[in-house]
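Structure, as structure tokens:
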Amino acid sequence: MKYLKQLMIIMSVSFLAETIKYILPFPIPASIYGIAVMFLCLMTGIIKEEQIADVADYMIAIMPIFFIEPSVALMNSLGLVRGKVLQILLAAFLSTVAANLITAIVSSLIMKKGNKDE
Amino acid sequence: MNSISQMLASSAYFGVFISLGAYLLMTAVQKKFKSPFLAPLLWTLIIIISFLMVMGISFEDYAQSASKISFFLTPATICYALPLYRQFNVLKKNFLAIILGVTAGCIGHFVVAAGTAIMLGLDKSIVCSLIPKSITTAIALGVTEEIGGIAGITVIGVCVAGLTGNMFFKIMYKALKIKNPVAQGLAMGTSSHALGTSSFDPKTEEVQLAMGSLAIVVAGILTAVLVPCIYPILESFMG
């Protein structure tokens with residue numbers, strides 16, 4: 001029963017998130033509204049950590065299996081990718097390096113400045 | 001289509017079975033050889049797609065069974081609120097560095113990903129699939145759907161992002177003398193999500209790990225909110 005209750009809480013927040021997405025006009029995935037709602041509930045104590053922790057930690061641990069089916073959909077667009085694999089890999093690689101360096105440089109500059117001010 | 005293919009295509013359990021089976025198999029292989037090239041999700045996709053194509057089973061037939069698993073994607077993603085809540089003190093202490101650093105990284109990623117993809121002559125749907133690729137798959141798939149990308153290409157991009165981080169970034173930090181552990185963790189989480197973050201040693205690099213997992217959630221949320229907002233500007237360039 002403990003796990004069923006935890007699942008019920010997570011599903012309730014999911015349903016609420018879906019409802020918010022339906023009402024608001026922004027193209028933001030429902031899961032983001034859900035994270036915000038769940039986070040606020042945890043901060044305000046409406047939901048206690050131990051009321052969801054077992055099921056939540058389990059879901060996070062097995063997360064990759066939820067991506068399998070949407071990703072296999074790639075087989076329907078293989079024609080689109082054909083002959084472009086190298087370009088896709090290159091764009092993916094370069095943008096990863098850029099995101100990493102920019103974050104590292106900006107955050108270390110801010111922390112350096114913060115330490116001087118203290 | 002022969003009778004075995006027909007049976008599998010109409011089965012209620014086959015899609016679930018091959019999805020979980022292939023994934024568990026590849027997790028075991030990864031555990032044995034410990035190579036970042038063996039990313040279980042990537043090889044699971046290769047196994048399933050190859051099998052379906054050889055047997056002549058369509059994605060739709062596979063999905064009518066396998067979509068029962070992905071039904072849980074949104075509830076599972078919502079659970080990321082829990083690690084965020086657990087690390088709230090770290091977030092509060094380094095708030096400015098985290099928010100500005102991760103925001104800069106996300107915007108930089110958007111510009112470079114879209115820029116290089118357009119320069120390399122890739123189609124609009126592929127460009128859209130690559131834009132959310134630095135963040136954790138759960139949120140990236142939602143963003144891809146919102147801006148009209150292809151989920152499978154996003155997953156390839158997410159794998160490249162994770163593998164690049166996992167294999168090269170610690171070497172890069174050493175070479176470029178990026179020593180601040182908070183900055184290392186934030187950068188890794190922003191660019192290479194959980195796969196990159198897992199390259200830090202839990203014993204000696206605890207700060208990097210904590211900041212990495214925090215950055216995964218922050219970058220995911222920021223990208224999910226920012227991308228659909230900046231995307232129309234990009235669309236006007238692509239026509």
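Residues in the structure tokens are numbered from 1 in each chain, the chains being A, B, ... in the order shown, and ligands are numbered from 1 in the order shown.
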Which residues, written as a PDB file with N, CA, C and O atoms, in the first residue's frame, have at least one atom at most 10 Å from stretch 68-80 of chain B, with only C-alpha atoms counted and residues fewer than 5 positions away on the same chain left out?
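So around.pdb came out as:
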```
ATOM      1  N   LEU A   7       2.800   6.282  -5.584  1.00  0.00           N
ATOM      2  CA  LEU A   7       2.504   6.370  -7.009  1.00  0.00           C
ATOM      3  C   LEU A   7       1.312   7.297  -7.244  1.00  0.00           C
ATOM      4  O   LEU A   7       1.289   8.103  -8.168  1.00  0.00           O
ATOM      5  N   ILE A   9       0.386   9.848  -5.428  1.00  0.00           N
ATOM      6  CA  ILE A   9       0.788  11.256  -5.291  1.00  0.00           C
ATOM      7  C   ILE A   9       1.483  11.740  -6.566  1.00  0.00           C
ATOM      8  O   ILE A   9       1.168  12.796  -7.110  1.00  0.00           O
ATOM      9  N   ILE A  10       2.399  10.908  -7.094  1.00  0.00           N
ATOM     10  CA  ILE A  10       3.134  11.294  -8.304  1.00  0.00           C
ATOM     11  C   ILE A  10       2.169  11.433  -9.488  1.00  0.00           C
ATOM     12  O   ILE A  10       2.260  12.361 -10.283  1.00  0.00           O
ATOM     13  N   MET A  11       1.206  10.510  -9.574  1.00  0.00           N
ATOM     14  CA  MET A  11       0.225  10.572 -10.666  1.00  0.00           C
ATOM     15  C   MET A  11      -0.689  11.795 -10.522  1.00  0.00           C
ATOM     16  O   MET A  11      -1.092  12.390 -11.515  1.00  0.00           O
ATOM     17  N   SER A  12      -1.018  12.163  -9.276  1.00  0.00           N
ATOM     18  CA  SER A  12      -1.863  13.347  -9.068  1.00  0.00           C
ATOM     19  C   SER A  12      -1.151  14.593  -9.570  1.00  0.00           C
ATOM     20  O   SER A  12      -1.756  15.439 -10.243  1.00  0.00           O
ATOM     21  N   VAL A  13       0.160  14.709  -9.247  1.00  0.00           N
ATOM     22  CA  VAL A  13       0.925  15.865  -9.713  1.00  0.00           C
ATOM     23  C   VAL A  13       1.009  15.841 -11.245  1.00  0.00           C
ATOM     24  O   VAL A  13       0.899  16.882 -11.903  1.00  0.00           O
ATOM     25  N   SER A  14       1.157  14.642 -11.839  1.00  0.00           N
ATOM     26  CA  SER A  14       1.197  14.537 -13.295  1.00  0.00           C
ATOM     27  C   SER A  14      -0.104  15.034 -13.923  1.00  0.00           C
ATOM     28  O   SER A  14      -0.102  15.766 -14.911  1.00  0.00           O
ATOM     29  N   PHE A  15      -1.206  14.642 -13.311  1.00  0.00           N
ATOM     30  CA  PHE A  15      -2.523  15.062 -13.812  1.00  0.00           C
ATOM     31  C   PHE A  15      -2.690  16.575 -13.684  1.00  0.00           C
ATOM     32  O   PHE A  15      -3.139  17.248 -14.624  1.00  0.00           O
ATOM     33  N   ALA A  17      -0.235  18.731 -13.651  1.00  0.00           N
ATOM     34  CA  ALA A  17       0.674  19.329 -14.627  1.00  0.00           C
ATOM     35  C   ALA A  17       0.036  19.341 -16.020  1.00  0.00           C
ATOM     36  O   ALA A  17       0.110  20.327 -16.747  1.00  0.00           O
ATOM     37  N   GLU A  18      -0.631  18.251 -16.363  1.00  0.00           N
ATOM     38  CA  GLU A  18      -1.311  18.148 -17.656  1.00  0.00           C
ATOM     39  C   GLU A  18      -2.423  19.199 -17.752  1.00  0.00           C
ATOM     40  O   GLU A  18      -2.609  19.840 -18.786  1.00  0.00           O
ATOM     41  N   PRO A  29       6.743  21.639 -22.093  1.00  0.00           N
ATOM     42  CA  PRO A  29       6.282  20.276 -21.775  1.00  0.00           C
ATOM     43  C   PRO A  29       5.627  20.192 -20.389  1.00  0.00           C
ATOM     44  O   PRO A  29       6.063  20.873 -19.453  1.00  0.00           O
ATOM     45  N   ALA A  30       4.611  19.359 -20.261  1.00  0.00           N
ATOM     46  CA  ALA A  30       3.884  19.212 -18.993  1.00  0.00           C
ATOM     47  C   ALA A  30       4.813  18.806 -17.859  1.00  0.00           C
ATOM     48  O   ALA A  30       4.613  19.204 -16.700  1.00  0.00           O
ATOM     49  N   SER A  31       5.883  18.047 -18.191  1.00  0.00           N
ATOM     50  CA  SER A  31       6.781  17.572 -17.135  1.00  0.00           C
ATOM     51  C   SER A  31       7.456  18.727 -16.395  1.00  0.00           C
ATOM     52  O   SER A  31       7.748  18.615 -15.207  1.00  0.00           O
ATOM     53  N   ILE A  32       7.674  19.845 -17.091  1.00  0.00           N
ATOM     54  CA  ILE A  32       8.313  21.007 -16.442  1.00  0.00           C
ATOM     55  C   ILE A  32       7.354  21.621 -15.420  1.00  0.00           C
ATOM     56  O   ILE A  32       7.746  21.951 -14.295  1.00  0.00           O
ATOM     57  N   TYR A  33       6.079  21.761 -15.802  1.00  0.00           N
ATOM     58  CA  TYR A  33       5.093  22.248 -14.827  1.00  0.00           C
ATOM     59  C   TYR A  33       5.047  21.290 -13.644  1.00  0.00           C
ATOM     60  O   TYR A  33       4.942  21.694 -12.490  1.00  0.00           O
ATOM     61  N   GLY A  34       5.135  20.003 -13.938  1.00  0.00           N
ATOM     62  CA  GLY A  34       5.087  18.979 -12.895  1.00  0.00           C
ATOM     63  C   GLY A  34       6.243  19.115 -11.914  1.00  0.00           C
ATOM     64  O   GLY A  34       6.049  19.030 -10.701  1.00  0.00           O
ATOM     65  N   ILE A  35       7.471  19.332 -12.459  1.00  0.00           N
ATOM     66  CA  ILE A  35       8.635  19.497 -11.581  1.00  0.00           C
ATOM     67  C   ILE A  35       8.405  20.712 -10.676  1.00  0.00           C
ATOM     68  O   ILE A  35       8.654  20.658  -9.470  1.00  0.00           O
ATOM     69  N   ALA A  36       7.917  21.805 -11.260  1.00  0.00           N
ATOM     70  CA  ALA A  36       7.684  23.029 -10.482  1.00  0.00           C
ATOM     71  C   ALA A  36       6.661  22.779  -9.373  1.00  0.00           C
ATOM     72  O   ALA A  36       6.885  23.139  -8.213  1.00  0.00           O
ATOM     73  N   VAL A  37       5.543  22.128  -9.712  1.00  0.00           N
ATOM     74  CA  VAL A  37       4.494  21.858  -8.728  1.00  0.00           C
ATOM     75  C   VAL A  37       5.029  20.956  -7.616  1.00  0.00           C
ATOM     76  O   VAL A  37       4.870  21.236  -6.420  1.00  0.00           O
ATOM     77  N   MET A  38       5.719  19.874  -8.031  1.00  0.00           N
ATOM     78  CA  MET A  38       6.252  18.931  -7.051  1.00  0.00           C
ATOM     79  C   MET A  38       7.265  19.611  -6.143  1.00  0.00           C
ATOM     80  O   MET A  38       7.246  19.432  -4.918  1.00  0.00           O
ATOM     81  N   PHE A  39       8.144  20.442  -6.732  1.00  0.00           N
ATOM     82  CA  PHE A  39       9.164  21.150  -5.951  1.00  0.00           C
ATOM     83  C   PHE A  39       8.502  22.084  -4.932  1.00  0.00           C
ATOM     84  O   PHE A  39       8.870  22.097  -3.754  1.00  0.00           O
ATOM     85  N   ILE A  52       7.030  10.247  -1.119  1.00  0.00           N
ATOM     86  CA  ILE A  52       7.230   9.881  -2.525  1.00  0.00           C
ATOM     87  C   ILE A  52       8.588   9.216  -2.774  1.00  0.00           C
ATOM     88  O   ILE A  52       8.827   8.663  -3.851  1.00  0.00           O
ATOM     89  N   ALA A  53       9.502   9.285  -1.794  1.00  0.00           N
ATOM     90  CA  ALA A  53      10.920   8.965  -2.034  1.00  0.00           C
ATOM     91  C   ALA A  53      11.161   7.586  -2.652  1.00  0.00           C
ATOM     92  O   ALA A  53      11.927   7.469  -3.611  1.00  0.00           O
ATOM     93  N   VAL A  55       9.257   5.461  -4.498  1.00  0.00           N
ATOM     94  CA  VAL A  55       8.839   5.339  -5.890  1.00  0.00           C
ATOM     95  C   VAL A  55       9.603   6.340  -6.768  1.00  0.00           C
ATOM     96  O   VAL A  55      10.041   6.001  -7.872  1.00  0.00           O
ATOM     97  N   ALA A  56       9.816   7.574  -6.266  1.00  0.00           N
ATOM     98  CA  ALA A  56      10.515   8.595  -7.062  1.00  0.00           C
ATOM     99  C   ALA A  56      11.946   8.166  -7.355  1.00  0.00           C
ATOM    100  O   ALA A  56      12.393   8.235  -8.505  1.00  0.00           O
ATOM    101  N   ASP A  57      12.671   7.687  -6.342  1.00  0.00           N
ATOM    102  CA  ASP A  57      14.054   7.264  -6.564  1.00  0.00           C
ATOM    103  C   ASP A  57      14.109   6.075  -7.524  1.00  0.00           C
ATOM    104  O   ASP A  57      15.004   5.979  -8.359  1.00  0.00           O
ATOM    105  N   TYR A  58      13.121   5.178  -7.400  1.00  0.00           N
ATOM    106  CA  TYR A  58      13.057   4.029  -8.297  1.00  0.00           C
ATOM    107  C   TYR A  58      12.822   4.476  -9.744  1.00  0.00           C
ATOM    108  O   TYR A  58      13.496   4.029 -10.673  1.00  0.00           O
ATOM    109  N   MET A  59      11.867   5.391  -9.927  1.00  0.00           N
ATOM    110  CA  MET A  59      11.560   5.884 -11.278  1.00  0.00           C
ATOM    111  C   MET A  59      12.781   6.548 -11.900  1.00  0.00           C
ATOM    112  O   MET A  59      13.052   6.372 -13.093  1.00  0.00           O
ATOM    113  N   ILE A  60      13.528   7.339 -11.091  1.00  0.00           N
ATOM    114  CA  ILE A  60      14.715   8.012 -11.614  1.00  0.00           C
ATOM    115  C   ILE A  60      15.774   6.972 -11.994  1.00  0.00           C
ATOM    116  O   ILE A  60      16.437   7.090 -13.019  1.00  0.00           O
ATOM    117  N   ALA A  61      15.879   5.924 -11.175  1.00  0.00           N
ATOM    118  CA  ALA A  61      16.892   4.898 -11.456  1.00  0.00           C
ATOM    119  C   ALA A  61      16.617   4.154 -12.758  1.00  0.00           C
ATOM    120  O   ALA A  61      17.543   3.796 -13.483  1.00  0.00           O
ATOM    121  N   ILE A  62      15.343   3.914 -13.069  1.00  0.00           N
ATOM    122  CA  ILE A  62      15.040   3.161 -14.296  1.00  0.00           C
ATOM    123  C   ILE A  62      14.640   4.080 -15.453  1.00  0.00           C
ATOM    124  O   ILE A  62      14.144   3.627 -16.487  1.00  0.00           O
ATOM    125  N   MET A  63      14.887   5.391 -15.296  1.00  0.00           N
ATOM    126  CA  MET A  63      14.492   6.395 -16.293  1.00  0.00           C
ATOM    127  C   MET A  63      14.740   6.010 -17.756  1.00  0.00           C
ATOM    128  O   MET A  63      13.849   6.184 -18.590  1.00  0.00           O
ATOM    129  N   PRO A  64      15.931   5.473 -18.111  1.00  0.00           N
ATOM    130  CA  PRO A  64      16.185   5.224 -19.537  1.00  0.00           C
ATOM    131  C   PRO A  64      15.124   4.366 -20.233  1.00  0.00           C
ATOM    132  O   PRO A  64      14.856   4.572 -21.415  1.00  0.00           O
ATOM    133  N   ILE A  65      14.479   3.439 -19.527  1.00  0.00           N
ATOM    134  CA  ILE A  65      13.530   2.569 -20.235  1.00  0.00           C
ATOM    135  C   ILE A  65      12.320   3.342 -20.768  1.00  0.00           C
ATOM    136  O   ILE A  65      11.683   2.925 -21.718  1.00  0.00           O
ATOM    137  N   PHE A  66      12.038   4.495 -20.157  1.00  0.00           N
ATOM    138  CA  PHE A  66      10.886   5.273 -20.644  1.00  0.00           C
ATOM    139  C   PHE A  66      11.172   5.963 -21.978  1.00  0.00           C
ATOM    140  O   PHE A  66      10.275   6.474 -22.620  1.00  0.00           O
ATOM    141  N   PHE A  67      12.471   6.043 -22.349  1.00  0.00           N
ATOM    142  CA  PHE A  67      12.832   6.713 -23.614  1.00  0.00           C
ATOM    143  C   PHE A  67      12.864   5.754 -24.785  1.00  0.00           C
ATOM    144  O   PHE A  67      13.004   6.176 -25.921  1.00  0.00           O
ATOM    145  N   ILE A  68      12.788   4.454 -24.519  1.00  0.00           N
ATOM    146  CA  ILE A  68      13.034   3.496 -25.602  1.00  0.00           C
ATOM    147  C   ILE A  68      12.009   3.649 -26.725  1.00  0.00           C
ATOM    148  O   ILE A  68      12.370   3.887 -27.879  1.00  0.00           O
ATOM    149  N   GLU A  69      10.750   3.575 -26.368  1.00  0.00           N
ATOM    150  CA  GLU A  69       9.711   3.597 -27.416  1.00  0.00           C
ATOM    151  C   GLU A  69       9.718   4.900 -28.231  1.00  0.00           C
ATOM    152  O   GLU A  69       9.767   4.839 -29.470  1.00  0.00           O
ATOM    153  N   PRO A  70       9.721   6.100 -27.578  1.00  0.00           N
ATOM    154  CA  PRO A  70       9.766   7.318 -28.410  1.00  0.00           C
ATOM    155  C   PRO A  70      11.007   7.388 -29.301  1.00  0.00           C
ATOM    156  O   PRO A  70      10.963   7.992 -30.373  1.00  0.00           O
TER     157      PRO A  70
ATOM    158  N   ALA B  12       0.324  -8.023 -27.648  1.00  0.00           N
ATOM    159  CA  ALA B  12       0.216  -6.938 -26.675  1.00  0.00           C
ATOM    160  C   ALA B  12       1.481  -6.820 -25.837  1.00  0.00           C
ATOM    161  O   ALA B  12       1.725  -5.801 -25.217  1.00  0.00           O
ATOM    162  N   TYR B  13       2.293  -7.873 -25.793  1.00  0.00           N
ATOM    163  CA  TYR B  13       3.445  -7.896 -24.885  1.00  0.00           C
ATOM    164  C   TYR B  13       4.793  -7.858 -25.575  1.00  0.00           C
ATOM    165  O   TYR B  13       5.804  -7.576 -24.952  1.00  0.00           O
ATOM    166  N   GLY B  15       6.287  -5.821 -27.692  1.00  0.00           N
ATOM    167  CA  GLY B  15       7.002  -4.538 -27.648  1.00  0.00           C
ATOM    168  C   GLY B  15       7.611  -4.277 -26.287  1.00  0.00           C
ATOM    169  O   GLY B  15       8.757  -3.845 -26.168  1.00  0.00           O
ATOM    170  N   VAL B  16       6.843  -4.572 -25.251  1.00  0.00           N
ATOM    171  CA  VAL B  16       7.336  -4.399 -23.883  1.00  0.00           C
ATOM    172  C   VAL B  16       8.494  -5.359 -23.646  1.00  0.00           C
ATOM    173  O   VAL B  16       9.548  -4.985 -23.119  1.00  0.00           O
ATOM    174  N   SER B  19      11.721  -4.386 -25.525  1.00  0.00           N
ATOM    175  CA  SER B  19      12.281  -3.144 -24.982  1.00  0.00           C
ATOM    176  C   SER B  19      13.039  -3.412 -23.689  1.00  0.00           C
ATOM    177  O   SER B  19      14.211  -3.044 -23.545  1.00  0.00           O
ATOM    178  N   LEU B  20      12.358  -4.063 -22.734  1.00  0.00           N
ATOM    179  CA  LEU B  20      12.994  -4.340 -21.442  1.00  0.00           C
ATOM    180  C   LEU B  20      14.140  -5.338 -21.612  1.00  0.00           C
ATOM    181  O   LEU B  20      15.209  -5.176 -21.034  1.00  0.00           O
ATOM    182  N   ALA B  63       4.877   0.023 -31.296  1.00  0.00           N
ATOM    183  CA  ALA B  63       4.516   1.061 -30.319  1.00  0.00           C
ATOM    184  C   ALA B  63       3.202   0.770 -29.604  1.00  0.00           C
ATOM    185  O   ALA B  63       3.042   1.145 -28.442  1.00  0.00           O
ATOM    186  N   TYR B  85      15.150  19.268  -4.641  1.00  0.00           N
ATOM    187  CA  TYR B  85      14.762  19.645  -3.277  1.00  0.00           C
ATOM    188  C   TYR B  85      15.869  19.262  -2.280  1.00  0.00           C
ATOM    189  O   TYR B  85      16.223  20.045  -1.400  1.00  0.00           O
ATOM    190  N   THR B 136      18.873  16.404 -20.211  1.00  0.00           N
ATOM    191  CA  THR B 136      18.515  15.030 -19.919  1.00  0.00           C
ATOM    192  C   THR B 136      17.371  14.568 -20.834  1.00  0.00           C
ATOM    193  O   THR B 136      16.468  15.348 -21.148  1.00  0.00           O
ATOM    194  N   THR B 137      17.429  13.326 -21.310  1.00  0.00           N
ATOM    195  CA  THR B 137      16.518  12.849 -22.347  1.00  0.00           C
ATOM    196  C   THR B 137      15.051  13.107 -22.019  1.00  0.00           C
ATOM    197  O   THR B 137      14.269  13.475 -22.883  1.00  0.00           O
ATOM    198  N   ALA B 138      14.693  12.938 -20.730  1.00  0.00           N
ATOM    199  CA  ALA B 138      13.294  13.091 -20.339  1.00  0.00           C
ATOM    200  C   ALA B 138      12.742  14.444 -20.782  1.00  0.00           C
ATOM    201  O   ALA B 138      11.671  14.529 -21.389  1.00  0.00           O
ATOM    202  N   ILE B 139      13.486  15.505 -20.501  1.00  0.00           N
ATOM    203  CA  ILE B 139      13.007  16.839 -20.842  1.00  0.00           C
ATOM    204  C   ILE B 139      13.274  17.134 -22.320  1.00  0.00           C
ATOM    205  O   ILE B 139      12.444  17.736 -22.996  1.00  0.00           O
ATOM    206  N   LEU B 141      13.100  15.233 -24.867  1.00  0.00           N
ATOM    207  CA  LEU B 141      12.053  14.682 -25.738  1.00  0.00           C
ATOM    208  C   LEU B 141      10.819  15.577 -25.735  1.00  0.00           C
ATOM    209  O   LEU B 141      10.191  15.782 -26.764  1.00  0.00           O
ATOM    210  N   GLY B 142      10.467  16.118 -24.575  1.00  0.00           N
ATOM    211  CA  GLY B 142       9.330  17.033 -24.488  1.00  0.00           C
ATOM    212  C   GLY B 142       9.569  18.277 -25.323  1.00  0.00           C
ATOM    213  O   GLY B 142       8.680  18.731 -26.058  1.00  0.00           O
ATOM    214  N   SER B 213      24.530  17.175 -10.820  1.00  0.00           N
ATOM    215  CA  SER B 213      23.134  16.737 -10.839  1.00  0.00           C
ATOM    216  C   SER B 213      22.183  17.917 -10.670  1.00  0.00           C
ATOM    217  O   SER B 213      21.077  17.919 -11.205  1.00  0.00           O
ATOM    218  N   LEU B 214      22.657  18.943  -9.956  1.00  0.00           N
ATOM    219  CA  LEU B 214      21.840  20.153  -9.852  1.00  0.00           C
ATOM    220  C   LEU B 214      21.710  20.824 -11.223  1.00  0.00           C
ATOM    221  O   LEU B 214      20.612  21.204 -11.654  1.00  0.00           O
ATOM    222  N   ILE B 216      21.908  19.495 -14.116  1.00  0.00           N
ATOM    223  CA  ILE B 216      21.069  18.705 -15.024  1.00  0.00           C
ATOM    224  C   ILE B 216      19.620  19.201 -14.953  1.00  0.00           C
ATOM    225  O   ILE B 216      18.974  19.447 -15.968  1.00  0.00           O
ATOM    226  N   VAL B 217      19.136  19.366 -13.718  1.00  0.00           N
ATOM    227  CA  VAL B 217      17.748  19.792 -13.544  1.00  0.00           C
ATOM    228  C   VAL B 217      17.565  21.259 -13.951  1.00  0.00           C
ATOM    229  O   VAL B 217      16.636  21.596 -14.697  1.00  0.00           O
TER     230      VAL B 217
END
```
### Task
Identify every residue of chain B that has at least one atom within 6 Å of any atom of chain A, counting only C-alpha atoms, and report the result as JSON, numbers by chain.
{"B": [45, 66, 69, 70, 73, 74, 75, 76, 78, 79, 81, 97, 101, 102, 105, 108, 109, 112, 113, 116, 117, 142, 146, 151, 152, 157, 161, 183, 187, 191]}
Selected residues written out, C-alpha atoms, as a PDB file, in the first residue's frame:
```pdb
ATOM      1  CA  LEU B  45      17.696   1.237 -29.983  1.00  0.00           C
ATOM      2  CA  ALA B  66       5.818  -0.578 -26.047  1.00  0.00           C
ATOM      3  CA  ILE B  69       6.261   1.777 -20.821  1.00  0.00           C
ATOM      4  CA  SER B  70       6.783   5.326 -22.102  1.00  0.00           C
ATOM      5  CA  LEU B  73       7.917   9.244 -18.888  1.00  0.00           C
ATOM      6  CA  THR B  74       6.157  12.364 -17.576  1.00  0.00           C
ATOM      7  CA  PRO B  75       5.518  11.076 -14.010  1.00  0.00           C
ATOM      8  CA  ALA B  76       9.143   9.871 -13.860  1.00  0.00           C
ATOM      9  CA  ILE B  78       8.453  15.007 -12.394  1.00  0.00           C
ATOM     10  CA  CYS B  79      10.369  12.957  -9.806  1.00  0.00           C
ATOM     11  CA  ALA B  81      11.956  17.588  -8.256  1.00  0.00           C
ATOM     12  CA  ALA B  97      26.977  31.458 -10.321  1.00  0.00           C
ATOM     13  CA  GLY B 101      26.554  30.047 -15.614  1.00  0.00           C
ATOM     14  CA  VAL B 102      23.919  27.516 -16.622  1.00  0.00           C
ATOM     15  CA  GLY B 105      25.750  27.626 -21.264  1.00  0.00           C
ATOM     16  CA  GLY B 108      25.535  29.233 -26.015  1.00  0.00           C
ATOM     17  CA  HIS B 109      24.498  25.663 -26.744  1.00  0.00           C
ATOM     18  CA  VAL B 112      26.200  26.838 -31.572  1.00  0.00           C
ATOM     19  CA  ALA B 113      23.933  23.807 -32.145  1.00  0.00           C
ATOM     20  CA  THR B 116      26.604  24.641 -36.963  1.00  0.00           C
ATOM     21  CA  ALA B 117      23.621  22.493 -37.977  1.00  0.00           C
ATOM     22  CA  GLY B 142       9.330  17.033 -24.488  1.00  0.00           C
ATOM     23  CA  GLU B 146       7.136  21.154 -28.828  1.00  0.00           C
ATOM     24  CA  ALA B 151      12.732  12.139 -31.087  1.00  0.00           C
ATOM     25  CA  GLY B 152      15.193   9.546 -32.408  1.00  0.00           C
ATOM     26  CA  GLY B 157      22.344  13.961 -29.963  1.00  0.00           C
ATOM     27  CA  ALA B 161      26.558  15.009 -25.610  1.00  0.00           C
ATOM     28  CA  ALA B 183      32.402  25.222 -12.204  1.00  0.00           C
ATOM     29  CA  ALA B 187      29.595  22.759 -16.860  1.00  0.00           C
ATOM     30  CA  SER B 191      26.498  20.178 -21.466  1.00  0.00           C
TER      31      SER B 191
END
```
### Task
Using only C-alpha atoms, find the one residue out of B:Val160, B:Ile178, B:Leu82, B:Ala140 that sits nearest to A:Gln51.
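Counting only C-alpha atoms, the residue closest to A:Gln51 is B:Leu82.
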### Task
Name the residues of stretch 27-92 of chain A that fall into alpha helix (DSSP H) according to DSSP on the backbone, using the chain letters and numbers of this document, as a ChimeraX atom specification.
/A:30-44,49-61,68-72,78-81,85-92
### One-decimal distance in Å that lies between atom CA of A:Gly79 and atom CA of B:Thr223
28.4 Å
### Query
Rounded to one decimal in Å, what is the spacing between atom CA of B:Met53 and atom CA of B:Ile150?
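Answer for the atom CA of B:Met53 to atom CA of B:Ile150 separation: 18.9 Å.
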### Task
Write out as number ranges by chain which residues come within 9 Å of stretch 31-41 of chain B when counting only C-alpha atoms, dropping same-chain ones fewer than 2 positions away.
A: 64-65, 67-68; B: 22-29, 43-46, 155, 159, 162-163, 166-167, 195
Can I get the selection written as a short mmCIF file (atom, residue, chain, number, x, y, z; two decimals), in the first residue's frame, with N, CA and C atoms?
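Result file follows (again07.cif):
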```
data_model
loop_
_atom_site.label_atom_id
_atom_site.label_comp_id
_atom_site.auth_asym_id
_atom_site.auth_seq_id
_atom_site.Cartn_x
_atom_site.Cartn_y
_atom_site.Cartn_z
N PRO A 64 15.93 5.47 -18.11
CA PRO A 64 16.19 5.22 -19.54
C PRO A 64 15.12 4.37 -20.23
N ILE A 65 14.48 3.44 -19.53
CA ILE A 65 13.53 2.57 -20.24
C ILE A 65 12.32 3.34 -20.77
N PHE A 67 12.47 6.04 -22.35
CA PHE A 67 12.83 6.71 -23.61
C PHE A 67 12.86 5.75 -24.79
N ILE A 68 12.79 4.45 -24.52
CA ILE A 68 13.03 3.50 -25.60
C ILE A 68 12.01 3.65 -26.72
N ALA B 22 16.09 -6.05 -24.30
CA ALA B 22 17.28 -5.48 -24.94
C ALA B 22 17.99 -4.54 -23.98
N TYR B 23 17.22 -3.76 -23.22
CA TYR B 23 17.84 -2.81 -22.30
C TYR B 23 18.60 -3.51 -21.18
N LEU B 24 17.97 -4.51 -20.59
CA LEU B 24 18.63 -5.25 -19.50
C LEU B 24 19.90 -5.94 -20.01
N LEU B 25 19.80 -6.49 -21.21
CA LEU B 25 20.98 -7.15 -21.81
C LEU B 25 22.13 -6.15 -21.95
N MET B 26 21.82 -4.97 -22.51
CA MET B 26 22.88 -3.99 -22.76
C MET B 26 23.42 -3.39 -21.46
N THR B 27 22.58 -3.30 -20.42
CA THR B 27 23.06 -2.83 -19.12
C THR B 27 24.08 -3.83 -18.57
N ALA B 28 23.78 -5.13 -18.74
CA ALA B 28 24.70 -6.16 -18.25
C ALA B 28 26.02 -6.09 -19.02
N VAL B 29 25.93 -5.90 -20.35
CA VAL B 29 27.14 -5.81 -21.17
C VAL B 29 27.98 -4.59 -20.74
N TRP B 43 22.49 1.28 -27.73
CA TRP B 43 22.54 -0.07 -28.29
C TRP B 43 21.19 -0.77 -28.24
N THR B 44 20.38 -0.43 -27.23
CA THR B 44 19.02 -0.97 -27.17
C THR B 44 18.24 -0.54 -28.42
N LEU B 45 18.39 0.73 -28.79
CA LEU B 45 17.70 1.24 -29.98
C LEU B 45 18.18 0.51 -31.23
N ILE B 46 19.51 0.33 -31.33
CA ILE B 46 20.06 -0.34 -32.51
C ILE B 46 19.51 -1.77 -32.61
N VAL B 155 17.66 11.75 -29.41
CA VAL B 155 18.32 10.75 -28.57
C VAL B 155 19.77 10.52 -29.02
N CYS B 159 23.00 11.26 -26.68
CA CYS B 159 24.09 10.28 -26.49
C CYS B 159 25.44 10.90 -26.79
N GLY B 162 26.46 13.21 -23.98
CA GLY B 162 26.88 12.48 -22.79
C GLY B 162 28.23 11.82 -22.97
N LEU B 163 28.43 11.18 -24.13
CA LEU B 163 29.69 10.47 -24.39
C LEU B 163 30.86 11.45 -24.46
N ASN B 166 31.62 12.43 -20.97
CA ASN B 166 32.15 11.30 -20.23
C ASN B 166 33.61 11.00 -20.59
N MET B 167 33.95 11.16 -21.87
CA MET B 167 35.28 10.75 -22.33
C MET B 167 36.31 11.88 -22.29
N LEU B 195 25.15 11.29 -18.01
CA LEU B 195 26.23 10.43 -18.53
C LEU B 195 27.59 11.10 -18.33
#
```
### Query
For the atom pair atom CA of A:Tyr22 and atom CA of B:Asp61, what is the interatomic distance in Å to one decimal place?
28.9 Å
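Between A:Ile47 and the residues A:Met1, A:Gly83, A:Gln6, A:Ile23, the shortest atom-to-atom distance, using only C-alpha atoms, involves A:Gln6.
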